[in-house]
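Structure first, then comments.
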Amino acid sequence: MRIGELARRTGVSARALRHYEQAGLITSSRAANGYRVYEEGAVTRVAKIRYLLDAGLTLDDVSAFRSCLDGDMATAPPSARGLEIARERLAVLDARIAAQTAARDRLAKALEAQSVRT
């Protein structure tokens, strides 16, 4: 399939697909006219790349999960580096959640104090 069809089927822009290819996460061959041609498996691979990006990983991080991109991510063992990256990202998210919760609690307390005064 050509890049436009892959983009349509995955909901990812052609520009992002070229970026994924440049990062070595997906591959294509070239047709006689120079157009990129992707195998059917690219649809699954792109969906998994998007899943990992949406989970807070960077494109560089996703490369550590290459062994999981073609199979079942739940059962394919990630690399040791992949696990390390996932743990690091989880710690960052936990810290952000804690900071946001603290900010929310401060705001709620300030509003509560204000409502008592009025």
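Here, A, B, ... name the chains of the structure tokens in the order displayed, residue numbers run from 1 inside each chain, and ligands are numbered from 1 in the same displayed order.
The list of residues with at least one atom within 9 Å of Thr10 (chain A), based on only C-alpha atoms and without residues fewer than 4 positions apart in the same chain, reads Glu5, Leu6, Val43, Thr44, Val46 and Ala47 of chain A.
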Writer output for current selection, all heavy atoms, as a short mmCIF file (atom, residue, chain, number, x, y, z; two decimals), in the first residue's frame:
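Now in out.cif:
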data_model
loop_
_atom_site.label_atom_id
_atom_site.label_comp_id
_atom_site.auth_asym_id
_atom_site.auth_seq_id
_atom_site.Cartn_x
_atom_site.Cartn_y
_atom_site.Cartn_z
N GLU A 5 -2.61 5.56 1.70
CA GLU A 5 -3.51 4.53 2.21
C GLU A 5 -3.14 4.15 3.64
O GLU A 5 -4.01 3.99 4.49
CB GLU A 5 -3.51 3.29 1.33
CG GLU A 5 -4.48 2.23 1.82
CD GLU A 5 -4.51 0.99 0.95
OE1 GLU A 5 -3.94 1.00 -0.16
OE2 GLU A 5 -5.11 0.01 1.41
N LEU A 6 -1.85 4.04 3.91
CA LEU A 6 -1.41 3.73 5.27
C LEU A 6 -1.84 4.85 6.22
O LEU A 6 -2.33 4.58 7.33
CB LEU A 6 0.10 3.52 5.33
CG LEU A 6 0.69 3.15 6.69
CD1 LEU A 6 0.08 1.86 7.24
CD2 LEU A 6 2.21 3.02 6.58
N VAL A 43 0.40 -1.48 9.16
CA VAL A 43 -0.80 -0.95 9.84
C VAL A 43 -0.73 -1.28 11.33
O VAL A 43 -0.92 -0.42 12.19
CB VAL A 43 -2.09 -1.52 9.20
CG1 VAL A 43 -3.32 -1.10 10.00
CG2 VAL A 43 -2.21 -1.08 7.75
N THR A 44 -0.42 -2.53 11.64
CA THR A 44 -0.31 -2.96 13.04
C THR A 44 0.84 -2.25 13.73
O THR A 44 0.72 -1.77 14.85
CB THR A 44 -0.09 -4.49 13.11
OG1 THR A 44 -1.19 -5.12 12.48
CG2 THR A 44 0.06 -4.97 14.53
N VAL A 46 2.24 0.64 13.04
CA VAL A 46 1.94 2.05 13.28
C VAL A 46 0.97 2.20 14.46
O VAL A 46 1.13 3.09 15.30
CB VAL A 46 1.39 2.73 12.01
CG1 VAL A 46 0.83 4.12 12.31
CG2 VAL A 46 2.49 2.83 10.95
N ALA A 47 -0.02 1.32 14.55
CA ALA A 47 -0.97 1.38 15.67
C ALA A 47 -0.22 1.21 17.00
O ALA A 47 -0.52 1.90 17.98
CB ALA A 47 -2.04 0.31 15.51
#
Using DSSP assignments from the backbone, pull out every residue in region 6-116 of chain A that falls under strand (DSSP E) and give it to me as an mmCIF file with N, CA and C atoms, in the first residue's frame.
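Final file, states-v5.cif:
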data_model
loop_
_atom_site.group_PDB
_atom_site.id
_atom_site.type_symbol
_atom_site.label_atom_id
_atom_site.label_comp_id
_atom_site.auth_asym_id
_atom_site.auth_seq_id
_atom_site.Cartn_x
_atom_site.Cartn_y
_atom_site.Cartn_z
ATOM 1 N N SER A 29 9.405 -0.147 0.748
ATOM 2 C CA SER A 29 10.208 -0.328 -0.452
ATOM 3 C C SER A 29 9.774 0.778 -1.413
ATOM 4 N N ARG A 30 10.417 0.861 -2.532
ATOM 5 C CA ARG A 30 10.073 1.898 -3.509
ATOM 6 C C ARG A 30 9.531 1.253 -4.766
ATOM 7 N N ARG A 36 6.671 5.327 -2.016
ATOM 8 C CA ARG A 36 6.861 4.362 -0.925
ATOM 9 C C ARG A 36 5.754 3.319 -0.988
ATOM 10 N N VAL A 37 6.131 2.067 -0.735
ATOM 11 C CA VAL A 37 5.161 0.975 -0.690
ATOM 12 C C VAL A 37 5.377 0.234 0.632
#
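Straight-line separation from CA of Asp70 (chain A) to CA of Arg2 (chain A): 19.3 Å.
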So how far away is CA of Leu25 (chain A) from CA of Ser63 (chain A), in Å?
6.6 Å
Write down as number ranges by chain the residues belonging to chain A that are assigned alpha helix (DSSP H) by DSSP computed on the backbone.
A: 3-10, 14-22, 41-54, 59-62, 80-117
Identify, on the basis of only C-alpha atoms, every residue whose closest approach to Met73 (chain A) does not exceed 10 Å; exclude the query and any residue fewer than 6 positions from it along the same chain; express the result as JSON, numbers by chain.
{"A": [48, 65, 67]}
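Minimum distance to Gly71 (chain A) across A:Arg89, A:Ala23, A:Leu52, A:Arg45 (counting only C-alpha atoms) occurs at A:Arg45.
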What lies within 10 Å of region 75-79 of chain A using only C-alpha atoms, ignoring chain neighbours under 6 positions off, as a ChimeraX atom specification?
/A:64-69,85-86
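Closest approach to Arg50 (chain A) among A:Leu83, A:Leu93, A:Val12, A:Ile26 is made by A:Val12 (distances from only C-alpha atoms).
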